[in-house]
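For reference, data.txt (compact mmCIF, C-alpha atoms):
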```txt
# COMPACT_ATOMS: atom_id res chain seq x y z
CA MET A 93 -4.15 116.44 -102.12
CA ARG A 94 -1.95 119.09 -103.67
CA ASN A 95 -0.06 118.33 -106.89
CA LYS A 96 -0.08 114.52 -106.94
CA ILE A 97 3.20 112.63 -107.25
CA TRP A 98 2.84 109.23 -108.89
CA ILE A 99 5.66 106.86 -107.95
CA PHE A 100 5.79 103.76 -110.13
CA ASP A 101 7.76 100.62 -109.50
CA LEU A 102 9.11 99.23 -112.79
CA ASP A 103 9.26 95.42 -113.00
CA ASP A 104 5.92 93.63 -112.62
CA THR A 105 4.21 97.00 -112.17
CA LEU A 106 4.67 98.97 -115.40
CA HIS A 107 5.34 95.78 -117.37
CA ASN A 108 5.46 92.01 -116.89
CA ALA A 109 9.06 91.11 -115.98
CA SER A 110 8.19 87.67 -114.55
CA ALA A 111 7.45 86.16 -117.97
CA HIS A 112 10.82 86.47 -119.72
CA ILE A 113 13.18 88.75 -117.77
CA PHE A 114 13.20 87.48 -114.18
CA PRO A 115 13.98 83.84 -115.04
CA VAL A 116 17.10 84.95 -116.96
CA MET A 117 18.08 87.47 -114.29
CA ASN A 118 17.61 84.95 -111.47
CA ARG A 119 19.87 82.48 -113.28
CA ALA A 120 22.48 85.22 -113.77
CA MET A 121 22.37 86.12 -110.06
CA THR A 122 22.72 82.47 -109.04
CA GLN A 123 25.66 82.09 -111.43
CA TYR A 124 27.29 85.24 -110.03
CA ILE A 125 27.03 83.85 -106.48
CA MET A 126 28.41 80.46 -107.62
CA ASP A 127 31.40 82.13 -109.29
CA SER A 128 32.20 84.73 -106.63
CA LEU A 129 31.59 82.60 -103.51
CA ASP A 130 32.61 79.24 -104.98
CA LEU A 131 29.28 77.54 -104.23
CA ASP A 132 27.36 74.89 -106.14
CA GLU A 133 24.07 75.78 -107.81
CA SER A 134 21.69 74.64 -105.07
CA GLU A 135 23.72 76.43 -102.34
CA ALA A 136 23.86 79.60 -104.44
CA GLN A 137 20.10 79.51 -105.06
CA LYS A 138 19.38 79.01 -101.36
CA LEU A 139 21.63 81.93 -100.43
CA ARG A 140 20.05 84.20 -103.06
CA GLN A 141 16.54 83.40 -101.80
CA HIS A 142 17.62 83.72 -98.16
CA TYR A 143 18.94 87.27 -98.74
CA TRP A 144 15.84 88.12 -100.76
CA ARG A 145 13.63 87.06 -97.83
CA ILE A 146 15.67 88.89 -95.17
CA TYR A 147 16.58 92.10 -97.02
CA GLY A 148 14.10 92.31 -99.90
CA ALA A 149 17.08 92.32 -102.28
CA THR A 150 19.79 89.74 -102.94
CA LEU A 151 22.39 92.47 -103.46
CA LYS A 152 21.95 93.88 -99.95
CA GLY A 153 22.85 90.53 -98.39
CA LEU A 154 25.84 90.09 -100.69
CA MET A 155 27.15 93.59 -99.86
CA ARG A 156 26.61 93.16 -96.13
CA HIS A 157 28.05 89.66 -95.74
CA HIS A 158 30.49 89.20 -98.64
CA ASN A 159 31.73 92.72 -99.57
CA THR A 160 30.29 92.31 -103.08
CA ASP A 161 30.90 95.31 -105.37
CA PRO A 162 27.34 96.43 -106.18
CA HIS A 163 28.22 98.03 -109.54
CA HIS A 164 29.94 94.88 -110.76
CA PHE A 165 27.06 92.68 -109.56
CA LEU A 166 24.43 94.82 -111.32
CA GLN A 167 26.43 95.04 -114.53
CA GLU A 168 26.94 91.27 -114.69
CA THR A 169 23.36 90.30 -113.82
CA HIS A 170 21.51 92.85 -116.00
CA ARG A 171 23.30 92.43 -119.34
CA LEU A 172 20.21 90.96 -121.07
CA MET A 173 21.37 91.28 -124.67
CA ASN A 174 17.92 90.38 -126.10
CA LEU A 175 15.98 92.75 -123.85
CA PRO A 176 13.85 94.18 -126.73
CA GLU A 177 12.44 90.66 -127.36
CA MET A 178 11.97 90.01 -123.62
CA VAL A 179 9.90 93.09 -122.77
CA ILE A 180 6.16 92.55 -123.24
CA GLN A 181 4.59 95.68 -124.70
CA VAL A 182 1.69 97.24 -122.77
CA GLN A 183 -0.93 98.64 -125.12
CA ARG A 184 -2.25 102.10 -124.08
CA LEU A 185 0.39 102.47 -121.33
CA ARG A 186 1.70 105.74 -122.75
CA HIS A 187 -1.81 107.12 -123.19
CA MET A 188 -2.78 106.20 -119.61
CA LEU A 189 0.38 107.80 -118.15
CA LYS A 190 -0.06 110.99 -120.20
CA CYS A 191 -3.65 111.31 -118.90
CA LEU A 192 -2.54 111.28 -115.24
CA SER A 193 -2.21 114.77 -113.84
CA GLY A 194 0.72 115.44 -111.53
CA ARG A 195 4.39 114.51 -111.34
CA LYS A 196 5.42 111.01 -112.40
CA LEU A 197 8.57 109.09 -111.54
CA VAL A 198 9.95 105.57 -111.44
CA PHE A 199 11.39 104.08 -108.23
CA THR A 200 13.07 100.75 -108.91
CA ASN A 201 15.50 98.33 -107.25
CA ALA A 202 16.96 97.74 -110.71
CA PRO A 203 20.06 99.56 -112.00
CA ARG A 204 19.53 102.80 -113.90
CA SER A 205 20.85 101.54 -117.26
CA TYR A 206 18.41 98.60 -117.25
CA ALA A 207 15.45 100.80 -116.17
CA LEU A 208 16.15 103.27 -118.98
CA ARG A 209 16.38 100.49 -121.56
CA VAL A 210 13.04 98.99 -120.47
CA LEU A 211 11.26 102.36 -120.43
CA GLU A 212 12.62 103.19 -123.90
CA ILE A 213 11.42 99.82 -125.26
CA LEU A 214 7.99 100.50 -123.71
CA GLY A 215 8.04 103.95 -125.34
CA VAL A 216 7.44 105.85 -122.09
CA ASP A 217 10.93 107.00 -121.05
CA ASP A 218 10.05 110.68 -121.69
CA VAL A 219 6.90 110.55 -119.51
CA PHE A 220 8.81 110.43 -116.20
CA GLU A 221 10.67 113.33 -114.63
CA LEU A 222 13.01 111.02 -112.71
CA ILE A 223 14.26 107.43 -112.67
CA PHE A 224 15.19 106.72 -109.04
CA SER A 225 17.22 103.51 -109.32
CA VAL A 226 19.02 101.32 -106.80
CA GLU A 227 22.16 103.48 -107.31
CA SER A 228 20.09 106.58 -106.39
CA THR A 229 19.23 104.99 -103.02
CA GLN A 230 22.95 104.31 -102.41
CA PHE A 231 21.94 100.63 -102.50
CA HIS A 232 19.29 100.93 -99.76
CA ALA A 233 16.82 99.07 -101.97
CA LYS A 234 13.09 98.90 -101.30
CA PRO A 235 11.58 98.03 -98.83
CA SER A 236 14.24 99.95 -96.82
CA ALA A 237 12.80 103.22 -95.51
CA ARG A 238 16.16 104.90 -96.17
CA GLY A 239 15.69 104.54 -99.92
CA PHE A 240 12.22 106.09 -99.72
CA GLN A 241 13.53 108.96 -97.57
CA LYS A 242 16.31 109.66 -100.08
CA LEU A 243 13.69 109.78 -102.84
CA LEU A 244 11.46 112.24 -100.93
CA LYS A 245 14.47 114.45 -100.21
CA THR A 246 15.53 114.37 -103.88
CA ILE A 247 12.10 115.36 -105.19
CA LYS A 248 11.52 117.80 -102.27
CA ALA A 249 8.15 116.29 -101.48
CA LYS A 250 6.06 115.11 -98.54
CA ALA A 251 5.03 111.46 -98.34
CA CYS A 252 1.36 112.48 -98.02
CA ASP A 253 1.44 113.93 -101.57
CA CYS A 254 2.71 110.65 -103.07
CA ILE A 255 0.92 107.61 -104.50
CA MET A 256 3.07 104.48 -104.67
CA LEU A 257 2.24 101.80 -107.26
CA GLU A 258 3.95 98.48 -106.61
CA ASP A 259 3.65 94.72 -106.95
CA SER A 260 5.71 94.20 -103.75
CA LEU A 261 3.80 94.25 -100.46
CA PRO A 262 6.86 94.92 -98.23
CA ALA A 263 7.62 98.05 -100.30
CA LEU A 264 3.99 99.19 -100.01
CA MET A 265 4.10 98.62 -96.26
CA THR A 266 7.06 101.02 -96.00
CA ALA A 267 5.31 103.54 -98.27
CA LYS A 268 2.17 103.42 -96.11
CA ARG A 269 4.16 103.75 -92.89
CA LEU A 270 5.75 106.92 -94.28
CA GLY A 271 2.32 108.35 -95.15
CA MET A 272 1.95 107.60 -98.87
CA LYS A 273 -1.20 106.35 -100.59
CA THR A 274 -0.64 102.77 -101.76
CA VAL A 275 -1.81 100.95 -104.89
CA TRP A 276 -1.02 97.25 -105.20
CA VAL A 277 -0.69 95.94 -108.75
CA SER A 278 -1.63 92.28 -108.34
CA LYS A 279 -4.04 89.62 -109.57
CA LYS A 280 -4.51 88.43 -105.97
CA LEU A 281 -7.85 89.32 -104.43
CA GLN A 282 -7.00 89.47 -100.71
CA LYS A 283 -5.85 93.02 -99.94
CA PRO A 284 -3.87 93.75 -96.75
CA ASN A 285 -5.00 96.76 -94.71
CA PHE A 286 -1.93 98.87 -95.55
CA VAL A 287 -2.97 98.79 -99.23
CA ASP A 288 -5.46 101.54 -100.20
CA TYR A 289 -6.34 100.11 -103.63
CA ARG A 290 -5.66 96.90 -105.55
CA ILE A 291 -5.65 96.83 -109.34
CA SER A 292 -4.92 93.80 -111.51
CA THR A 293 -2.99 95.85 -114.09
CA VAL A 294 -1.47 99.33 -114.10
CA LEU A 295 -3.89 100.31 -116.89
CA ALA A 296 -6.77 100.00 -114.40
CA LEU A 297 -5.41 103.09 -112.62
CA THR A 298 -7.87 105.18 -114.64
CA HIS A 299 -10.79 103.38 -112.92
CA ILE A 300 -9.98 104.36 -109.33
CA LYS A 301 -10.58 107.73 -107.68
CA LEU A 302 -7.46 108.97 -105.93
```

How would this structure read if it were set down as structure tokens?
Amino acid sequence: MRNKIWIFDLDDTLHNASAHIFPVMNRAMTQYIMDSLDLDESEAQKLRQHYWRIYGATLKGLMRHHNTDPHHFLQETHRLMNLPEMVIQVQRLRHMLKCLSGRKLVFTNAPRSYALRVLEILGVDDVFELIFSVESTQFHAKPSARGFQKLLKTIKAKACDCIMLEDSLPALMTAKRLGMKTVWVSKKLQKPNFVDYRISTVLALTHIKL
């Protein structure tokens, strides 16, 4: 492989978002759907999960079926005033990232402002050459191949030079289909065949030969 390009997902890959962030964000998304579509809580939750299952992102379903303004949706659902207390620090993350040779970037379905805040809190915002957020994909969020293709065009790279690190299997399936190496960050032991490596934490990246 020529100069390696490390593509990191953000939430539940570089840090644990499920513990404190996702529960708050999920409630905010449900509330947004209740307010904008005049639904009760259980209907709004069902719709949010339905779009998540079909499109891999709630926002995509809301844009496609309800003309939701994506910027307004992201702003309202990612306020997270106490974000510094919600982000769980990852010891040695900066050291591990600095030791990786090659280009490093973040590819996230989150909005840019949120991604930057999280990376700053983790103390690694200066390690990445690019934050490719959901706005960068023109709202073709992962696992959509269009988002990946926009990323490759932006960084002027071939898929075969890239290594994708993700907690989401549908996103890794797209990455593999395009020709990337795939690393699944998960505690689960069963590894699907489109995943090249499974690691239980991003810090274990130093233990695998890529």

A:Lys301 surroundings by all atoms listed in the file, 12 Å radius, close-in-sequence under 5 positions cut, as a PyMOL selection string:
chain A and resi 192+255+273+275+288-289+296

So which one's closest to A:Ser110, A:Trp144, A:Val277, A:Val179, A:Arg94? Using all atoms listed in the file, please.
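Answer, going by the shortest atom-to-atom distance: A:Val179.
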
Restricting the calculation to only C-alpha atoms: of A:Leu129, A:Gln183, A:Ala207, A:Trp98, which residue gets closest to A:His157?
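Comparing A:Leu129, A:Gln183, A:Ala207, A:Trp98 against A:His157, the winner is A:Leu129.
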
Surrounding residues of A:Thr274 excluding itself and chain neighbours under 6 positions, 9 Å, all atoms listed in the file, as a short mmCIF file (atom, residue, chain, number, x, y, z; two decimals) with C-alpha atoms, keeping the file's coordinate frame:
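out00.cif was written with the following content:
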```cif
data_model
loop_
_atom_site.label_atom_id
_atom_site.label_comp_id
_atom_site.auth_asym_id
_atom_site.auth_seq_id
_atom_site.Cartn_x
_atom_site.Cartn_y
_atom_site.Cartn_z
CA CYS A 254 2.71 110.65 -103.07
CA ILE A 255 0.92 107.61 -104.50
CA MET A 256 3.07 104.48 -104.67
CA LEU A 257 2.24 101.80 -107.26
CA GLU A 258 3.95 98.48 -106.61
CA LEU A 264 3.99 99.19 -100.01
CA MET A 265 4.10 98.62 -96.26
CA ALA A 267 5.31 103.54 -98.27
CA LYS A 268 2.17 103.42 -96.11
CA PHE A 286 -1.93 98.87 -95.55
CA VAL A 287 -2.97 98.79 -99.23
CA ASP A 288 -5.46 101.54 -100.20
CA TYR A 289 -6.34 100.11 -103.63
CA ARG A 290 -5.66 96.90 -105.55
#
```

Give me, as a PyMOL selection string, all polymer residues having an atom no more than 12 Å from stretch 260-263 of chain A, counting only C-alpha atoms and skipping those fewer than 2 positions away in the same chain.
chain A and resi 99-105+144-149+199-201+233-240+256-258+265-270+272+274-278+280+282-288+290

Excluding A:Arg140 and residues on its chain fewer than 2 positions from it, collect all residues at most 8 Å away from it, counting all atoms listed in the file, and give them as a ChimeraX atom specification.
/A:121-122,125,136-138,142-144,150

Suppose you want the space between atom CA of A:Arg119 and atom CA of A:Leu197; what is it in Å?
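A separation of 29.0 Å between them.
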
Residues at most 8 Å from stretch 211-227 of chain A, counting all atoms listed in the file, excluding those fewer than 2 positions away in the same chain, as a VMD selection string?
chain A and resid 176 179 181 to 182 185 to 186 189 to 190 195 to 204 207 to 209 229 to 233 243

List every protein, DNA or RNA residue that has an atom no more than 7 Å from (0.9, 98.2, -115.1) in the file's coordinate frame, counting all atoms listed in the file, and report them as a compact mmCIF listing (two decimals) with C-alpha atoms, keeping the file's coordinate frame.
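As a result, selection15.txt now contains:
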```txt
# COMPACT_ATOMS: atom_id res chain seq x y z
CA THR A 105 4.21 97.00 -112.17
CA LEU A 106 4.67 98.97 -115.40
CA HIS A 107 5.34 95.78 -117.37
CA VAL A 277 -0.69 95.94 -108.75
CA THR A 293 -2.99 95.85 -114.09
CA VAL A 294 -1.47 99.33 -114.10
CA LEU A 295 -3.89 100.31 -116.89
```
